[in-house]
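Q: Got a structure here, written out as structure tokens. Questions coming.
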Amino acid sequence: MATVRKGIEVSIALAEAVGQANVDVIAAYPITPQTHIVEHLAEMVADGHLDAEFVPVESEHSAMSVCCGSSAVGARTFTSTSSQGLALMAEIFYIASSLRLPIVMALANRSLSGPLSIWNDHTDTMMVRDSGWVQVFVENGQEAYDHMFWAFRVAEHPDVLYPTAVNLDGFILTHMIEPIIFEDNETIKKYLPDLKMKNVLHPDNPVSMGCFAMPEIYTETQMAREQGLVKSYPQAVKAWDEWYELTGRRYHPIETYRADDAEYCVVTMGSYGEAAMEVVDMLREKGEKVGVVKIRLWRPFPFEDFYKAIEGKKHLIVLDRAISFGGPGGPVATEIRSALYNRKNAPAIVNYVLGLAGRDVTPGDFIKILHEGKEKALKGDTAGYTLYGVRE
Amino acid sequence: MLEIIIHGRGGQGAVTTAELIAIASINKGKCAQAFPSFGPERRGAPVVAFSRIDDNKIHLRSKVYEPNVVLVLDPSLLSIIDPAKGLKEGGTVLINTGKSPDEIKKMYNLKTKVATVDANHIAMSEFGRPIVNTTMLGALLKITGILSFDDIKDPVMARFGSKLGAKNMNALQRAFDDVKVAG
């Protein structure tokens, strides 16, 4: 099968992937740094290159409402947002998963106001952590492109039917020009079957969606959502395995780099994973036994994969890109501490919050964090978190 | 790995310069990145763009702090930036100015290798506008040898179309011929 390698902005490649996925409806409102994604899709539709409905809504709340409507009639549906846009659509965001609508979103991660900032961190996505969406993180342009197909494939599987958000770091990835391999449409067609939903809104066969629930039934609906989301895990893995067979590019719920014999590991989520690999290579050359553990699948959280990845490690340095004000640490570290509580031989956890609102993190910063974090772990100084580089 | 910083002002094409370098490098099979110093773009305000080129996959995504080459598209920026900051050993600062490299070295007390070309003059005579991005690329090609004219031609023509693209290639050639270097 023919592939083409191009130097292209990640946002444009991602939009092209959505087009190749033969999307039916796109409803979105532009917001930095997601803008190039929806601009390009609007252009593709306007120029007749993509046979889809582009709904230029007046707000993100409306964007997600349109997505729910179009997905409920069985149309393949895409949207994209960032930060304040996600905050505005949060109400409908939760409803989309409760209705089991396989909407796909590219979430260009950006900090939340205030103060107003357009730059990258993970505060927006943490706001919807518990929304019942399948949530995945990518760390480069190729992964962003690949995961558009994966997201539709997983979301639309009859055993899943959950909206799926692909998180990519705003600017750091969205505005980067780098080499990306494009698959041909035949490969995509093989990988991504047409959407066939069983329960759709249709005048000939009326069904109810988004009903009212009395206390007698609400708990059961939440149980169903929990069980349903957990059941998306095997389909997520299967979809990655089949993508590997078709393209040779392999993904896992938790990925590791030089971690097998590592004494300690840095845990990342998103585009920091690659920089961490670079730094681990530098430290390995000096004989330090350090590795990287990368969380790709954030929801449903892949507990067993994570336990396997950190087996035998003495300590973990967990990097967070968001704060939980007044809480025990960053959201990722809190999750990991909770997952490891009461587990035998669990590694010590040291948590750093860094790179807020696009503050640059260099290889030197990574090295400093790894060394300082190791010291803290050895001293037993593991409570709470450190806000790296803050000026007091 | 070759790392490049491009200083310009909003509207001068600093980001386009970085893009053309990256795309030309990727087209010839290399790995490359181009990215702006992310922020709200404003015409006339100082803008910084970055490019990295390597034979292997590039994992770094932080800004460039230790460049091999620094391009200064607008000489008025020299009064507010230190173009040689972090420059790697043997690196070059390439400036758009009518002045000679020696004059510039003296004026700004630069100890590094400096190259100059009057890109404004070339751009004005080729397209009647002081947009110097492709012109400066010609000088960059000469001092680094990272890309050939054929390498850069495709992305330039794709970007600007056949008529404007040809003018850009002329400007590029003239800067290649005119650039002066002082060690």
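Chain labels A, B, ... are given in the sequence in which chains occur in the structure tokens; within each chain residues are numbered consecutively from 1, and ligands are likewise numbered from 1 in the order shown.
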I need the chain B residues near chain A as a list in words; criterion: at most 9 Å, counting only C-alpha atoms.

A: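 Result, ordered by chain then number: Glu19, Ala22, Ile23, Ala24, Ser25, Ile26, Asn27, Gly29, Lys30, Cys31, Ala32, Gln33, Ala34, Phe35, Pro36, Phe38, Gly39, Pro40, Ile58, His59, Leu60, Arg61, Ser62 and Lys63 of chain B.
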
Q: Just list as a PyMOL selection string whatever in range 139-383 of chain A DSSP marks as alpha helix (DSSP H).

A: chain A and resi 141-156+185-191+215-230+232-247+272-285+303-310+331-340+363-379

Q: If you keep C-alpha atoms, can you produce a file of those selected residues as an mmCIF file, in the first residue's frame?

A:
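Generated output (again.cif):
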```
data_model
loop_
_atom_site.group_PDB
_atom_site.id
_atom_site.type_symbol
_atom_site.label_atom_id
_atom_site.label_comp_id
_atom_site.auth_asym_id
_atom_site.auth_seq_id
_atom_site.Cartn_x
_atom_site.Cartn_y
_atom_site.Cartn_z
ATOM 1 C CA GLY A 141 2.335 14.571 14.796
ATOM 2 C CA GLN A 142 2.348 11.018 13.464
ATOM 3 C CA GLU A 143 0.505 9.817 16.530
ATOM 4 C CA ALA A 144 -2.020 12.643 16.171
ATOM 5 C CA TYR A 145 -2.679 11.610 12.555
ATOM 6 C CA ASP A 146 -2.868 7.893 13.380
ATOM 7 C CA HIS A 147 -5.142 8.391 16.368
ATOM 8 C CA MET A 148 -7.872 10.099 14.373
ATOM 9 C CA PHE A 149 -8.590 6.758 12.673
ATOM 10 C CA TRP A 150 -8.103 4.849 15.906
ATOM 11 C CA ALA A 151 -10.534 7.151 17.703
ATOM 12 C CA PHE A 152 -13.348 6.643 15.186
ATOM 13 C CA ARG A 153 -12.666 2.923 15.105
ATOM 14 C CA VAL A 154 -12.840 2.563 18.909
ATOM 15 C CA ALA A 155 -15.690 5.026 19.488
ATOM 16 C CA GLU A 156 -17.912 3.428 16.859
ATOM 17 C CA ASN A 185 -7.525 5.758 1.497
ATOM 18 C CA GLU A 186 -7.639 2.019 0.786
ATOM 19 C CA THR A 187 -5.758 1.291 4.004
ATOM 20 C CA ILE A 188 -8.087 3.571 5.933
ATOM 21 C CA LYS A 189 -11.121 1.899 4.378
ATOM 22 C CA LYS A 190 -9.828 -1.482 5.486
ATOM 23 C CA TYR A 191 -9.217 -0.224 8.995
ATOM 24 C CA PRO A 215 -33.314 8.077 42.050
ATOM 25 C CA GLU A 216 -34.613 4.518 41.584
ATOM 26 C CA ILE A 217 -32.743 4.132 38.287
ATOM 27 C CA TYR A 218 -29.992 6.818 38.124
ATOM 28 C CA THR A 219 -27.428 4.698 40.013
ATOM 29 C CA GLU A 220 -27.963 1.806 37.624
ATOM 30 C CA THR A 221 -27.396 4.076 34.628
ATOM 31 C CA GLN A 222 -24.068 5.139 36.111
ATOM 32 C CA MET A 223 -23.122 1.512 36.729
ATOM 33 C CA ALA A 224 -23.882 0.817 33.072
ATOM 34 C CA ARG A 225 -21.679 3.741 32.022
ATOM 35 C CA GLU A 226 -18.805 2.553 34.178
ATOM 36 C CA GLN A 227 -19.017 -1.030 32.917
ATOM 37 C CA GLY A 228 -19.382 0.165 29.343
ATOM 38 C CA LEU A 229 -16.330 2.401 29.467
ATOM 39 C CA VAL A 230 -14.179 -0.302 31.034
ATOM 40 C CA SER A 232 -13.816 -0.253 25.665
ATOM 41 C CA TYR A 233 -10.323 -1.319 26.781
ATOM 42 C CA PRO A 234 -10.061 -4.539 24.726
ATOM 43 C CA GLN A 235 -11.337 -2.727 21.632
ATOM 44 C CA ALA A 236 -8.802 0.059 22.157
ATOM 45 C CA VAL A 237 -5.996 -2.503 22.257
ATOM 46 C CA LYS A 238 -7.381 -4.444 19.295
ATOM 47 C CA ALA A 239 -7.635 -1.252 17.253
ATOM 48 C CA TRP A 240 -3.973 -0.454 18.010
ATOM 49 C CA ASP A 241 -2.912 -4.003 17.109
ATOM 50 C CA GLU A 242 -4.699 -3.871 13.761
ATOM 51 C CA TRP A 243 -3.240 -0.445 13.006
ATOM 52 C CA TYR A 244 0.181 -1.988 13.609
ATOM 53 C CA GLU A 245 -0.556 -4.813 11.169
ATOM 54 C CA LEU A 246 -1.555 -2.305 8.495
ATOM 55 C CA THR A 247 1.061 0.404 9.055
ATOM 56 C CA TYR A 272 6.826 15.497 27.121
ATOM 57 C CA GLY A 273 7.294 11.753 26.575
ATOM 58 C CA GLU A 274 9.725 12.227 23.692
ATOM 59 C CA ALA A 275 11.829 14.842 25.470
ATOM 60 C CA ALA A 276 11.991 12.480 28.446
ATOM 61 C CA MET A 277 13.326 9.724 26.142
ATOM 62 C CA GLU A 278 16.058 12.059 24.925
ATOM 63 C CA VAL A 279 17.065 12.880 28.500
ATOM 64 C CA VAL A 280 16.987 9.229 29.548
ATOM 65 C CA ASP A 281 19.420 8.483 26.710
ATOM 66 C CA MET A 282 21.771 11.167 28.055
ATOM 67 C CA LEU A 283 21.574 9.844 31.632
ATOM 68 C CA ARG A 284 21.951 6.223 30.524
ATOM 69 C CA GLU A 285 25.253 7.161 28.884
ATOM 70 C CA PHE A 303 -4.261 -0.417 35.634
ATOM 71 C CA GLU A 304 -2.789 -3.830 34.778
ATOM 72 C CA ASP A 305 -0.557 -2.413 32.024
ATOM 73 C CA PHE A 306 0.623 0.256 34.440
ATOM 74 C CA TYR A 307 1.427 -2.252 37.200
ATOM 75 C CA LYS A 308 3.423 -4.297 34.723
ATOM 76 C CA ALA A 309 5.345 -1.240 33.497
ATOM 77 C CA ILE A 310 6.434 -0.145 36.977
ATOM 78 C CA PRO A 331 -4.103 14.786 38.824
ATOM 79 C CA VAL A 332 -1.809 12.157 37.263
ATOM 80 C CA ALA A 333 0.220 11.641 40.436
ATOM 81 C CA THR A 334 -2.927 11.501 42.542
ATOM 82 C CA GLU A 335 -4.278 8.804 40.262
ATOM 83 C CA ILE A 336 -1.057 6.809 40.413
ATOM 84 C CA ARG A 337 -0.699 7.109 44.185
ATOM 85 C CA SER A 338 -4.245 5.865 44.502
ATOM 86 C CA ALA A 339 -3.657 3.005 42.074
ATOM 87 C CA LEU A 340 -0.564 1.891 44.021
ATOM 88 C CA PRO A 363 16.363 18.862 28.659
ATOM 89 C CA GLY A 364 18.281 20.612 31.464
ATOM 90 C CA ASP A 365 15.037 21.044 33.395
ATOM 91 C CA PHE A 366 14.220 17.358 32.942
ATOM 92 C CA ILE A 367 17.636 16.320 34.224
ATOM 93 C CA LYS A 368 17.289 18.613 37.240
ATOM 94 C CA ILE A 369 13.853 17.177 38.027
ATOM 95 C CA LEU A 370 15.029 13.579 37.680
ATOM 96 C CA HIS A 371 17.996 14.094 39.971
ATOM 97 C CA GLU A 372 16.181 16.207 42.542
ATOM 98 C CA GLY A 373 13.211 13.809 42.430
ATOM 99 C CA LYS A 374 15.476 10.831 43.057
ATOM 100 C CA GLU A 375 17.003 12.601 46.062
ATOM 101 C CA LYS A 376 13.560 13.357 47.443
ATOM 102 C CA ALA A 377 12.491 9.733 47.018
ATOM 103 C CA LEU A 378 15.607 8.468 48.809
ATOM 104 C CA LYS A 379 14.977 10.888 51.677
#
```

Q: What is the CA of Ala171 in chain B-CA of Pro67 in chain B distance in Å, reported with one decimal?

A: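 Between CA of Ala171 in chain B and CA of Pro67 in chain B the gap is 25.1 Å.
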
Q: Where does DSSP see strand (DSSP E or B) in chain B, if you list the residues as number ranges by chain?

A: B: 2-9, 31-36, 46-54, 69-72, 92-96, 113-117, 180-182

Q: Using only C-alpha atoms, which residues sit within 12 Å of Asn170 in chain B once same-chain residues fewer than 6 positions away are excluded, as number ranges by chain?

A: B: 119, 122-123, 125-127, 134-138, 149, 153, 156-157, 163-164, 176-177

Q: Excluding Lys142 in chain B and residues on its chain fewer than 2 positions from it, collect all residues at most 12 Å away from it, counting only C-alpha atoms, and give them as a ChimeraX atom specification.

A: /B:92,94,115-117,135-140,144-149,172-181

Q: Can those selected residues be exported to a file as a short mmCIF file (atom, residue, chain, number, x, y, z; two decimals), in the first residue's frame so that it contains N, CA and C atoms?

A:
```cif
data_model
loop_
_atom_site.label_atom_id
_atom_site.label_comp_id
_atom_site.auth_asym_id
_atom_site.auth_seq_id
_atom_site.Cartn_x
_atom_site.Cartn_y
_atom_site.Cartn_z
N THR B 92 27.11 30.88 13.06
CA THR B 92 27.09 32.13 12.29
C THR B 92 25.82 32.92 12.58
N LEU B 94 23.54 35.61 10.74
CA LEU B 94 23.29 36.08 9.38
C LEU B 94 22.28 37.23 9.44
N ALA B 115 27.60 37.10 8.97
CA ALA B 115 27.39 37.20 7.52
C ALA B 115 26.33 38.25 7.27
N THR B 116 26.48 39.04 6.22
CA THR B 116 25.46 40.05 5.92
C THR B 116 25.09 40.00 4.44
N VAL B 117 23.85 40.40 4.19
CA VAL B 117 23.39 40.55 2.82
C VAL B 117 22.30 41.62 2.83
N THR B 135 14.68 35.61 0.34
CA THR B 135 15.98 36.20 0.00
C THR B 135 17.03 35.74 1.01
N MET B 136 16.66 35.83 2.29
CA MET B 136 17.60 35.42 3.34
C MET B 136 17.90 33.92 3.27
N LEU B 137 16.94 33.15 2.74
CA LEU B 137 17.18 31.71 2.58
C LEU B 137 18.36 31.46 1.64
N GLY B 138 18.47 32.30 0.59
CA GLY B 138 19.58 32.17 -0.35
C GLY B 138 20.91 32.30 0.38
N ALA B 139 20.99 33.30 1.26
CA ALA B 139 22.22 33.51 2.04
C ALA B 139 22.47 32.33 2.98
N LEU B 140 21.39 31.83 3.57
CA LEU B 140 21.51 30.67 4.48
C LEU B 140 22.06 29.45 3.74
N THR B 144 25.55 27.66 4.96
CA THR B 144 25.45 26.36 5.64
C THR B 144 25.60 25.17 4.70
N GLY B 145 25.19 25.35 3.45
CA GLY B 145 25.20 24.22 2.52
C GLY B 145 24.25 23.11 2.90
N ILE B 146 23.27 23.40 3.78
CA ILE B 146 22.36 22.32 4.22
C ILE B 146 21.39 21.90 3.13
N LEU B 147 21.07 22.84 2.23
CA LEU B 147 20.10 22.54 1.18
C LEU B 147 20.62 23.09 -0.14
N SER B 148 20.27 22.41 -1.22
CA SER B 148 20.65 22.91 -2.54
C SER B 148 19.52 23.76 -3.10
N PHE B 149 19.78 24.45 -4.19
CA PHE B 149 18.72 25.23 -4.84
C PHE B 149 17.56 24.34 -5.24
N LEU B 172 16.49 34.72 -4.11
CA LEU B 172 17.27 33.72 -3.37
C LEU B 172 18.67 33.57 -3.99
N GLN B 173 18.69 33.50 -5.30
CA GLN B 173 19.95 33.35 -6.04
C GLN B 173 20.85 34.58 -5.82
N ARG B 174 20.24 35.78 -5.86
CA ARG B 174 21.02 37.00 -5.71
C ARG B 174 21.64 37.09 -4.32
N ALA B 175 20.87 36.70 -3.30
CA ALA B 175 21.41 36.73 -1.93
C ALA B 175 22.51 35.70 -1.78
N PHE B 176 22.35 34.56 -2.43
CA PHE B 176 23.38 33.50 -2.41
C PHE B 176 24.69 34.06 -2.95
N ASP B 177 24.59 34.82 -4.04
CA ASP B 177 25.78 35.39 -4.67
C ASP B 177 26.37 36.55 -3.87
N ASP B 178 25.49 37.34 -3.20
CA ASP B 178 25.93 38.60 -2.58
C ASP B 178 26.43 38.47 -1.15
N VAL B 179 26.04 37.39 -0.45
CA VAL B 179 26.31 37.33 0.99
C VAL B 179 27.82 37.41 1.30
N LYS B 180 28.14 38.21 2.32
CA LYS B 180 29.55 38.38 2.71
C LYS B 180 29.72 37.84 4.14
N VAL B 181 30.85 37.19 4.38
CA VAL B 181 31.08 36.59 5.71
C VAL B 181 32.38 37.13 6.30
#
```

Q: Using CA of Thr382 in chain A and CA of Leu356 in chain A as the two end points, give the distance in Å to one decimal.

A: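 Going from CA of Thr382 in chain A over to CA of Leu356 in chain A covers 21.3 Å.
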
Q: Please, which residues in range 274-391 of chain A fall within 9 Å of range 124-129 of chain A when counting only C-alpha atoms, and what is the closest atom pair and distance in Å to one decimal for each, ordered by chain then residue number, as a Markdown table?

A:
```
| residue | atom | partner | partner_atom | distance |
| --- | --- | --- | --- | --- |
| A:Trp298 | CA | A:Arg129 | CA | 8.5 |
| A:Arg299 | CA | A:Arg129 | CA | 7.8 |
| A:Ala322 | CA | A:Met126 | CA | 7.5 |
| A:Pro331 | CA | A:Met126 | CA | 7.3 |
```

Q: Go ahead and write the residues just picked, N, CA and C atoms, as a PDB file, in the first residue's frame.

A:
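So the final result, stored in part-v4.pdb, reads:
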```pdb
ATOM      1  N   TRP A 298      -5.709   7.256  28.974  1.00  0.00           N
ATOM      2  CA  TRP A 298      -5.978   7.905  30.273  1.00  0.00           C
ATOM      3  C   TRP A 298      -7.306   7.421  30.826  1.00  0.00           C
ATOM      4  N   ARG A 299      -8.309   7.246  29.948  1.00  0.00           N
ATOM      5  CA  ARG A 299      -9.579   6.655  30.349  1.00  0.00           C
ATOM      6  C   ARG A 299     -10.077   5.721  29.252  1.00  0.00           C
ATOM      7  N   ALA A 322      -0.945  20.043  35.341  1.00  0.00           N
ATOM      8  CA  ALA A 322      -2.114  20.715  35.890  1.00  0.00           C
ATOM      9  C   ALA A 322      -2.039  20.633  37.406  1.00  0.00           C
ATOM     10  N   PRO A 331      -3.113  15.846  39.061  1.00  0.00           N
ATOM     11  CA  PRO A 331      -4.103  14.786  38.824  1.00  0.00           C
ATOM     12  C   PRO A 331      -3.494  13.435  38.442  1.00  0.00           C
TER      13      PRO A 331
END
```

Q: How many Å separate CA of Asp320 in chain A from CA of Met1 in chain B?

A: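 About the pair CA of Asp320 in chain A and CA of Met1 in chain B: they are 29.1 Å apart.
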
Q: Which neighbours of Val25 in chain A fall inside 12 Å, counting only C-alpha atoms, when residues of the same chain fewer than 2 positions from it are skipped, and could you give them as a PyMOL selection string?

A: chain A and resi 18-19+21-23+27-28+41-42+45+50-56+63-64+66-79+103-104
